[in-house]
Amino acid sequence: MDTDVKQAQQRAYRYWYTDGLAEILGGVTFVIVGVLIYIKDLLFQSLLASVITIAFLLLLAVGVRILIRVLKERLTYPRTGYVAYRKRKVNTLWIRLVLGLTLGAVVS
């Protein structure tokens, strides 16, 4: 019985990558980041432009996650069925945000 549950969970997690939306939007994100950095370096050489670029990249990262969820609700789930994933017990958003900001400050 336990193996049936694990197999069902693995099958449900595989459906996340079936349609390729995460990979497609990841590629589009890299293109947008490259164009954004190129434009910033070409036109602006200020600290404010760098801060705006970093803020835009953070918003883009959050926006892509939301966009993937919306697209999957419209495109993937009607074909494959919807499976509600288990919620994480610890909210790691704040940990990731602080770590990302700290790492960004160290790198800059």
# chains A, B, ... in the order shown; residues from 1 in each chain; ligands from 1
>>> residues_around(residues="range 34-40 of chain A", least_positions_apart="2", cutoff="12 Å", atoms="only C-alpha atoms", output="list in words")
Gly27, Val28, Thr29, Phe30, Val31, Ile32, Leu42, Leu43, Phe44, Gln45, Ser46, Leu47, Leu48, Ala49, Ser50, Val51, Ile52, Thr53, Ile54, Ala55, Phe56, Leu57 and Leu60 of chain A
>>> atom_distance(atom1="CA of Arg65 in chain A", atom2="CA of Arg86 in chain A")
17.2 Å
>>> select_by_dssp(residues="chain A", states="alpha helix (DSSP H)", output="VMD selection string")
chain A and resid 2 to 18 21 to 43 47 to 71 77 to 80 93 to 107
>>> atom_distance(atom1="CA of Glu73 in chain A", atom2="CA of Thr3 in chain A")
28.3 Å
>>> atom_distance(atom1="CA of Ile24 in chain A", atom2="CA of Val62 in chain A")
15.8 Å
>>> closest_residue(among="A:Val33, A:Gln10, A:Val5, A:Val90", to="Leu58 in chain A", atoms="only C-alpha atoms")
A:Val33
